[in-house]
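Data block for final_23.pdb (PDB, C-alpha atoms):
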```
ATOM      1  CA  MET Q   1     -15.513 -11.064   9.153  1.00  0.00           C
ATOM      2  CA  LYS Q   2     -13.141  -8.996   6.995  1.00  0.00           C
ATOM      3  CA  SER Q   3     -14.126  -5.845   8.856  1.00  0.00           C
ATOM      4  CA  GLU Q   4     -13.252  -7.532  12.170  1.00  0.00           C
ATOM      5  CA  LEU Q   5      -9.798  -8.397  10.810  1.00  0.00           C
ATOM      6  CA  TYR Q   6      -9.242  -4.787   9.737  1.00  0.00           C
ATOM      7  CA  ASP Q   7     -10.447  -3.518  13.139  1.00  0.00           C
ATOM      8  CA  GLN Q   8      -7.936  -5.845  14.779  1.00  0.00           C
ATOM      9  CA  LEU Q   9      -5.175  -4.661  12.424  1.00  0.00           C
ATOM     10  CA  ALA Q  10      -6.054  -1.020  13.160  1.00  0.00           C
ATOM     11  CA  SER Q  11      -5.622  -1.677  16.876  1.00  0.00           C
ATOM     12  CA  GLN Q  12      -2.331  -3.520  16.326  1.00  0.00           C
ATOM     13  CA  LEU Q  13      -1.005  -0.833  13.979  1.00  0.00           C
ATOM     14  CA  SER Q  14      -1.917   1.958  16.404  1.00  0.00           C
ATOM     15  CA  SER Q  15       0.026   0.200  19.146  1.00  0.00           C
ATOM     16  CA  LEU Q  16       2.944  -0.577  16.854  1.00  0.00           C
ATOM     17  CA  LEU Q  17       3.295   3.048  15.734  1.00  0.00           C
ATOM     18  CA  ALA Q  18       2.468   4.711  19.050  1.00  0.00           C
ATOM     19  CA  ASP Q  19       6.018   5.658  20.053  1.00  0.00           C
ATOM     20  CA  GLU Q  20       7.571   6.255  16.627  1.00  0.00           C
ATOM     21  CA  ARG Q  21       7.209   9.256  14.315  1.00  0.00           C
ATOM     22  CA  ASP Q  22       9.593   8.294  11.474  1.00  0.00           C
ATOM     23  CA  LEU Q  23       7.723   7.534   8.235  1.00  0.00           C
ATOM     24  CA  ILE Q  24      10.213   4.963   6.906  1.00  0.00           C
ATOM     25  CA  ALA Q  25      10.368   3.031  10.183  1.00  0.00           C
ATOM     26  CA  ASN Q  26       6.579   3.040  10.487  1.00  0.00           C
ATOM     27  CA  ALA Q  27       6.082   2.073   6.837  1.00  0.00           C
ATOM     28  CA  ALA Q  28       8.453  -0.870   7.377  1.00  0.00           C
ATOM     29  CA  ASN Q  29       6.481  -2.170  10.356  1.00  0.00           C
ATOM     30  CA  PHE Q  30       3.178  -1.461   8.559  1.00  0.00           C
ATOM     31  CA  SER Q  31       4.180  -3.528   5.514  1.00  0.00           C
ATOM     32  CA  ALA Q  32       5.367  -6.423   7.706  1.00  0.00           C
ATOM     33  CA  LEU Q  33       2.139  -6.388   9.739  1.00  0.00           C
ATOM     34  CA  ILE Q  34      -0.062  -6.405   6.625  1.00  0.00           C
ATOM     35  CA  PHE Q  35       1.994  -8.988   4.742  1.00  0.00           C
ATOM     36  CA  HIS Q  36       1.893 -11.447   7.632  1.00  0.00           C
ATOM     37  CA  SER Q  37      -1.719 -10.750   8.694  1.00  0.00           C
ATOM     38  CA  LEU Q  38      -3.764 -10.552   5.503  1.00  0.00           C
ATOM     39  CA  PRO Q  39      -4.303 -13.802   3.616  1.00  0.00           C
ATOM     40  CA  ASP Q  40      -3.306 -14.382   0.008  1.00  0.00           C
ATOM     41  CA  LEU Q  41      -0.742 -11.611  -0.485  1.00  0.00           C
ATOM     42  CA  ASN Q  42       2.533 -11.975  -2.342  1.00  0.00           C
ATOM     43  CA  TRP Q  43       3.651  -8.333  -1.976  1.00  0.00           C
ATOM     44  CA  ALA Q  44       2.868  -5.488   0.404  1.00  0.00           C
ATOM     45  CA  GLY Q  45       4.704  -2.222   0.519  1.00  0.00           C
ATOM     46  CA  PHE Q  46       5.118   1.437  -0.198  1.00  0.00           C
ATOM     47  CA  TYR Q  47       6.245   3.764  -2.932  1.00  0.00           C
ATOM     48  CA  PHE Q  48       7.002   7.378  -2.017  1.00  0.00           C
ATOM     49  CA  ALA Q  49       6.443  10.380  -4.294  1.00  0.00           C
ATOM     50  CA  LYS Q  50       9.623  12.108  -5.396  1.00  0.00           C
ATOM     51  CA  ASP Q  51      10.151  14.376  -8.416  1.00  0.00           C
ATOM     52  CA  GLY Q  52       7.174  13.061 -10.415  1.00  0.00           C
ATOM     53  CA  GLU Q  53       7.976   9.437  -9.691  1.00  0.00           C
ATOM     54  CA  LEU Q  54       7.093   6.837  -7.117  1.00  0.00           C
ATOM     55  CA  VAL Q  55      10.248   5.468  -5.483  1.00  0.00           C
ATOM     56  CA  LEU Q  56      10.274   2.091  -3.752  1.00  0.00           C
ATOM     57  CA  GLY Q  57      10.008   2.203   0.030  1.00  0.00           C
ATOM     58  CA  PRO Q  58       9.730  -0.482   2.714  1.00  0.00           C
ATOM     59  CA  PHE Q  59       8.029  -3.681   1.559  1.00  0.00           C
ATOM     60  CA  GLN Q  60       7.576  -7.405   2.094  1.00  0.00           C
ATOM     61  CA  GLY Q  61       7.794  -9.821  -0.831  1.00  0.00           C
ATOM     62  CA  ARG Q  62       9.995 -10.360  -3.872  1.00  0.00           C
ATOM     63  CA  PRO Q  63      12.260  -7.584  -5.157  1.00  0.00           C
ATOM     64  CA  ALA Q  64      10.226  -4.881  -6.883  1.00  0.00           C
ATOM     65  CA  CYS Q  65      10.402  -2.137  -9.477  1.00  0.00           C
ATOM     66  CA  VAL Q  66      12.384   0.737  -7.972  1.00  0.00           C
ATOM     67  CA  ARG Q  67      10.804   3.678  -9.812  1.00  0.00           C
ATOM     68  CA  ILE Q  68       7.356   4.132 -11.344  1.00  0.00           C
ATOM     69  CA  ARG Q  69       6.298   7.310 -13.118  1.00  0.00           C
ATOM     70  CA  VAL Q  70       3.117   8.902 -11.792  1.00  0.00           C
ATOM     71  CA  GLY Q  71       0.368   7.922 -14.223  1.00  0.00           C
ATOM     72  CA  GLN Q  72       1.940   4.589 -15.217  1.00  0.00           C
ATOM     73  CA  GLY Q  73       0.802   1.187 -14.021  1.00  0.00           C
ATOM     74  CA  VAL Q  74      -1.655   0.634 -11.198  1.00  0.00           C
ATOM     75  CA  CYS Q  75       0.455   2.501  -8.628  1.00  0.00           C
ATOM     76  CA  GLY Q  76       1.007   5.448 -10.959  1.00  0.00           C
ATOM     77  CA  ALA Q  77      -2.692   5.614 -11.875  1.00  0.00           C
ATOM     78  CA  ALA Q  78      -3.751   5.609  -8.205  1.00  0.00           C
ATOM     79  CA  ALA Q  79      -1.175   8.320  -7.486  1.00  0.00           C
ATOM     80  CA  ALA Q  80      -2.277  10.452 -10.449  1.00  0.00           C
ATOM     81  CA  HIS Q  81      -5.948  10.292  -9.432  1.00  0.00           C
ATOM     82  CA  CYS Q  82      -5.310  10.257  -5.654  1.00  0.00           C
ATOM     83  CA  ALA Q  83      -7.899   7.491  -5.416  1.00  0.00           C
ATOM     84  CA  THR Q  84      -7.832   3.942  -4.140  1.00  0.00           C
ATOM     85  CA  THR Q  85      -7.601   1.635  -7.138  1.00  0.00           C
ATOM     86  CA  ILE Q  86      -8.735  -1.998  -7.133  1.00  0.00           C
ATOM     87  CA  VAL Q  87      -7.698  -4.167 -10.079  1.00  0.00           C
ATOM     88  CA  PRO Q  88      -9.367  -7.612 -10.079  1.00  0.00           C
ATOM     89  CA  ASN Q  89      -7.115  -8.895 -12.884  1.00  0.00           C
ATOM     90  CA  VAL Q  90      -3.849  -7.015 -13.457  1.00  0.00           C
ATOM     91  CA  HIS Q  91      -3.407  -8.702 -16.848  1.00  0.00           C
ATOM     92  CA  GLU Q  92      -6.404  -6.705 -18.094  1.00  0.00           C
ATOM     93  CA  PHE Q  93      -5.090  -3.355 -16.781  1.00  0.00           C
ATOM     94  CA  PRO Q  94      -3.629  -1.257 -19.627  1.00  0.00           C
ATOM     95  CA  GLY Q  95       0.021  -0.486 -18.911  1.00  0.00           C
ATOM     96  CA  HIS Q  96       0.289  -2.805 -15.904  1.00  0.00           C
ATOM     97  CA  ILE Q  97       3.870  -3.014 -14.669  1.00  0.00           C
ATOM     98  CA  ALA Q  98       4.634  -6.633 -13.791  1.00  0.00           C
ATOM     99  CA  CYS Q  99       7.271  -6.716 -11.068  1.00  0.00           C
ATOM    100  CA  ASP Q 100       6.216 -10.236 -10.024  1.00  0.00           C
ATOM    101  CA  SER Q 101       4.644 -12.531 -12.630  1.00  0.00           C
ATOM    102  CA  ALA Q 102       2.792 -14.349  -9.807  1.00  0.00           C
ATOM    103  CA  SER Q 103       0.626 -11.273  -9.130  1.00  0.00           C
ATOM    104  CA  ASN Q 104      -2.919 -11.456 -10.496  1.00  0.00           C
ATOM    105  CA  SER Q 105      -4.809  -8.755  -8.566  1.00  0.00           C
ATOM    106  CA  GLU Q 106      -3.813  -5.516  -6.888  1.00  0.00           C
ATOM    107  CA  ILE Q 107      -5.037  -2.702  -4.682  1.00  0.00           C
ATOM    108  CA  VAL Q 108      -3.293   0.641  -4.324  1.00  0.00           C
ATOM    109  CA  VAL Q 109      -4.181   3.230  -1.668  1.00  0.00           C
ATOM    110  CA  PRO Q 110      -2.739   6.754  -2.013  1.00  0.00           C
ATOM    111  CA  LEU Q 111      -1.043   8.395   0.958  1.00  0.00           C
ATOM    112  CA  VAL Q 112      -2.254  11.989   1.084  1.00  0.00           C
ATOM    113  CA  LYS Q 113      -1.286  14.315   3.918  1.00  0.00           C
ATOM    114  CA  ASN Q 114      -2.195  18.025   3.993  1.00  0.00           C
ATOM    115  CA  GLU Q 115      -3.611  17.627   0.462  1.00  0.00           C
ATOM    116  CA  GLU Q 116      -0.200  16.453  -0.816  1.00  0.00           C
ATOM    117  CA  LEU Q 117       0.463  13.015  -2.309  1.00  0.00           C
ATOM    118  CA  ILE Q 118       3.354  11.519  -0.386  1.00  0.00           C
ATOM    119  CA  GLY Q 119       3.136   8.001  -1.781  1.00  0.00           C
ATOM    120  CA  VAL Q 120       1.053   4.858  -2.160  1.00  0.00           C
ATOM    121  CA  LEU Q 121       0.438   1.592  -0.354  1.00  0.00           C
ATOM    122  CA  ASP Q 122       0.518  -1.292  -2.841  1.00  0.00           C
ATOM    123  CA  LEU Q 123      -0.750  -4.834  -2.190  1.00  0.00           C
ATOM    124  CA  ASP Q 124      -0.534  -7.671  -4.713  1.00  0.00           C
ATOM    125  CA  SER Q 125      -2.131 -11.113  -4.640  1.00  0.00           C
ATOM    126  CA  PRO Q 126      -1.628 -14.290  -6.646  1.00  0.00           C
ATOM    127  CA  LEU Q 127      -5.442 -14.674  -6.608  1.00  0.00           C
ATOM    128  CA  LEU Q 128      -7.729 -13.032  -9.125  1.00  0.00           C
ATOM    129  CA  GLU Q 129     -10.324 -10.686  -7.584  1.00  0.00           C
ATOM    130  CA  ARG Q 130      -8.624 -10.810  -4.158  1.00  0.00           C
ATOM    131  CA  PHE Q 131      -9.516  -7.227  -3.172  1.00  0.00           C
ATOM    132  CA  ASP Q 132     -12.902  -5.547  -2.730  1.00  0.00           C
ATOM    133  CA  LYS Q 133     -14.507  -2.421  -1.250  1.00  0.00           C
ATOM    134  CA  GLU Q 134     -14.180  -3.849   2.255  1.00  0.00           C
ATOM    135  CA  ASP Q 135     -10.421  -4.167   1.753  1.00  0.00           C
ATOM    136  CA  ALA Q 136     -10.329  -0.618   0.395  1.00  0.00           C
ATOM    137  CA  ALA Q 137     -12.124   0.768   3.461  1.00  0.00           C
ATOM    138  CA  GLY Q 138      -9.961  -1.229   5.872  1.00  0.00           C
ATOM    139  CA  LEU Q 139      -6.705  -0.268   4.175  1.00  0.00           C
ATOM    140  CA  GLU Q 140      -7.723   3.387   3.931  1.00  0.00           C
ATOM    141  CA  GLU Q 141      -8.258   3.394   7.707  1.00  0.00           C
ATOM    142  CA  LEU Q 142      -4.838   1.802   8.256  1.00  0.00           C
ATOM    143  CA  VAL Q 143      -3.243   4.435   6.010  1.00  0.00           C
ATOM    144  CA  ARG Q 144      -4.967   7.176   8.072  1.00  0.00           C
ATOM    145  CA  ILE Q 145      -3.392   5.676  11.208  1.00  0.00           C
ATOM    146  CA  LEU Q 146       0.033   5.678   9.536  1.00  0.00           C
ATOM    147  CA  LEU Q 147      -0.295   9.264   8.340  1.00  0.00           C
ATOM    148  CA  THR Q 148      -1.470  10.629  11.687  1.00  0.00           C
ATOM    149  CA  SER Q 149       1.291   8.751  13.514  1.00  0.00           C
ATOM    150  CA  THR Q 150       4.225   9.929  11.423  1.00  0.00           C
ATOM    151  CA  ILE Q 151       6.088  12.813   9.941  1.00  0.00           C
ATOM    152  CA  ARG Q 152       7.971  12.743   6.657  1.00  0.00           C
ATOM    153  CA  ASN Q 153      11.668  12.219   6.914  1.00  0.00           C
ATOM    154  CA  ASP Q 154      12.313  15.528   5.165  1.00  0.00           C
ATOM    155  CA  ASP Q 155       9.906  17.548   7.378  1.00  0.00           C
TER     156      ASP Q 155
END
```

Represent the structure from my file as structure tokens, please.
Amino acid sequence: MKSELYDQLASQLSSLLADERDLIANAANFSALIFHSLPDLNWAGFYFAKDGELVLGPFQGRPACVRIRVGQGVCGAAAAHCATTIVPNVHEFPGHIACDSASNSEIVVPLVKNEELIGVLDLDSPLLERFDKEDAAGLEELVRILLTSTIRNDD
């Protein structure tokens, strides 16, 4: 059932991004689509890599931390390792950065294009253990669609 939802989202995202190449515009529509389509989220958005930090990009949810150093928190750890990171309980993650106290679980998917980290997709949930390998696979496919549809604003 989850895989069907992600297949549907992949189709919707492909259509949504078909005529636009701007990364910020596409990230904005991506975060809105995910936030309003996936159940049990309280934050969905992007951080973009800049000068050793992750800088807040388009998102849906409560105001968020603006800058996160690579290697710090869940987003920074995922960026440092360039690997999707699933945290079932953020309160047990060493160095977790709590932007929203309602968040209990998190998944972060790195955005890597031409072997370069350009940012991360970050999803938070008020539920414990909200994210699993099926979410990781589905979100990684959505990120691939985003990255093949866009160019960086500074390219």

For this structure, which residues satisfy the selection - the PyMOL selection byres ((chain Q and resi 3) around 10) - when it is evaluated on the file as given? I want them as an mmCIF file with C-alpha atoms, in the coordinates of the input.
```cif
data_model
loop_
_atom_site.group_PDB
_atom_site.id
_atom_site.type_symbol
_atom_site.label_atom_id
_atom_site.label_comp_id
_atom_site.auth_asym_id
_atom_site.auth_seq_id
_atom_site.Cartn_x
_atom_site.Cartn_y
_atom_site.Cartn_z
ATOM 1 C CA MET Q 1 -15.513 -11.064 9.153
ATOM 2 C CA LYS Q 2 -13.141 -8.996 6.995
ATOM 3 C CA GLU Q 4 -13.252 -7.532 12.170
ATOM 4 C CA LEU Q 5 -9.798 -8.397 10.810
ATOM 5 C CA TYR Q 6 -9.242 -4.787 9.737
ATOM 6 C CA ASP Q 7 -10.447 -3.518 13.139
ATOM 7 C CA GLN Q 8 -7.936 -5.845 14.779
ATOM 8 C CA LEU Q 9 -5.175 -4.661 12.424
ATOM 9 C CA GLU Q 134 -14.180 -3.849 2.255
ATOM 10 C CA ASP Q 135 -10.421 -4.167 1.753
ATOM 11 C CA ALA Q 137 -12.124 0.768 3.461
ATOM 12 C CA GLY Q 138 -9.961 -1.229 5.872
#
```

Please enumerate the residues selected by the PyMOL selection byres ((chain Q and resi 91-100) around 8) when evaluated against the supplied file, formatted as a short mmCIF file (atom, residue, chain, number, x, y, z; two decimals) with C-alpha atoms, in the frame of the given file.
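After the write, result21.cif holds the following:
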```
data_model
loop_
_atom_site.label_atom_id
_atom_site.label_comp_id
_atom_site.auth_asym_id
_atom_site.auth_seq_id
_atom_site.Cartn_x
_atom_site.Cartn_y
_atom_site.Cartn_z
CA ARG Q 62 9.99 -10.36 -3.87
CA PRO Q 63 12.26 -7.58 -5.16
CA ALA Q 64 10.23 -4.88 -6.88
CA CYS Q 65 10.40 -2.14 -9.48
CA GLN Q 72 1.94 4.59 -15.22
CA GLY Q 73 0.80 1.19 -14.02
CA VAL Q 74 -1.66 0.63 -11.20
CA VAL Q 87 -7.70 -4.17 -10.08
CA ASN Q 89 -7.12 -8.90 -12.88
CA VAL Q 90 -3.85 -7.02 -13.46
CA SER Q 101 4.64 -12.53 -12.63
CA ALA Q 102 2.79 -14.35 -9.81
CA SER Q 103 0.63 -11.27 -9.13
CA ASN Q 104 -2.92 -11.46 -10.50
#
```

**OP:** Could you please give me, as a PyMOL selection string, the residues of protein, DNA or RNA lying at most 8 Å from (-6.5, -8.9, -7.7) in the coordinate frame of the file, considering only C-alpha atoms?
**Re:** chain Q and resi 86-90+103-107+124-131

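Distances from Q:Phe48, Q:Phe59, Q:Phe30, Q:Trp43 to Pro110 of chain Q were compared using all atoms listed in the file, and the smallest one belongs to Q:Phe48.
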
**OP:** Just give me the gap between atom CA of His36 of chain Q and atom CA of Arg69 of chain Q in Å, one decimal is fine.
**Re:** 28.3 Å

Original post:
Smallest atom-to-atom distance to Thr150 of chain Q: which of Q:Arg67, Q:Lys113, Q:Lys133, Q:Lys50, using only C-alpha atoms?
Top reply: Q:Lys113

Skipping near chain neighbours, those fewer than 5 positions away, what residues fall within 9 Å of Phe35 of chain Q using all atoms listed in the file, listed as a PDB file with C-alpha atoms, in the coordinates of the input?
```pdb
ATOM      1  CA  PHE Q  30       3.178  -1.461   8.559  1.00  0.00           C
ATOM      2  CA  ASP Q  40      -3.306 -14.382   0.008  1.00  0.00           C
ATOM      3  CA  LEU Q  41      -0.742 -11.611  -0.485  1.00  0.00           C
ATOM      4  CA  ASN Q  42       2.533 -11.975  -2.342  1.00  0.00           C
ATOM      5  CA  TRP Q  43       3.651  -8.333  -1.976  1.00  0.00           C
ATOM      6  CA  ALA Q  44       2.868  -5.488   0.404  1.00  0.00           C
ATOM      7  CA  GLY Q  45       4.704  -2.222   0.519  1.00  0.00           C
ATOM      8  CA  PHE Q  59       8.029  -3.681   1.559  1.00  0.00           C
ATOM      9  CA  GLN Q  60       7.576  -7.405   2.094  1.00  0.00           C
ATOM     10  CA  GLY Q  61       7.794  -9.821  -0.831  1.00  0.00           C
ATOM     11  CA  LEU Q 123      -0.750  -4.834  -2.190  1.00  0.00           C
TER      12      LEU Q 123
END
```

**OP:** Spell out the residues picked by the PyMOL selection byres ((chain Q and resi 147) around 12) here, as a count of residues only.
**Re:** 36

Show me, as AutoDock Vina command-line options, the centre and edge lengths in Å to one decimal of the axis-aligned box that covers every listed atom of segment 78-97 of chain Q with 8 Å on each side.
```
--center_x -2.7 --center_y 0.8 --center_z -11.9 --size_x 29.2 --size_y 35.3 --size_z 31.5
```

Subject >> From Q:Gly76, Q:Gly71, Q:Pro39, Q:Gly52, residue lying nearest Asp122 of chain Q [all atoms listed in the file] >> reply: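 Selected residue with least distance to Asp122 of chain Q: Q:Gly76.
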
**OP:** Could you please determine the separation between atom CA of Thr84 of chain Q and atom CA of Leu16 of chain Q in Å, to one decimal place?
**Re:**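 It comes out at 24.0 Å.
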
**OP:** Tell me, in Å to one decimal, how far atom CA of Asp132 of chain Q is from atom CA of Val70 of chain Q.
**Re:** 23.4 Å
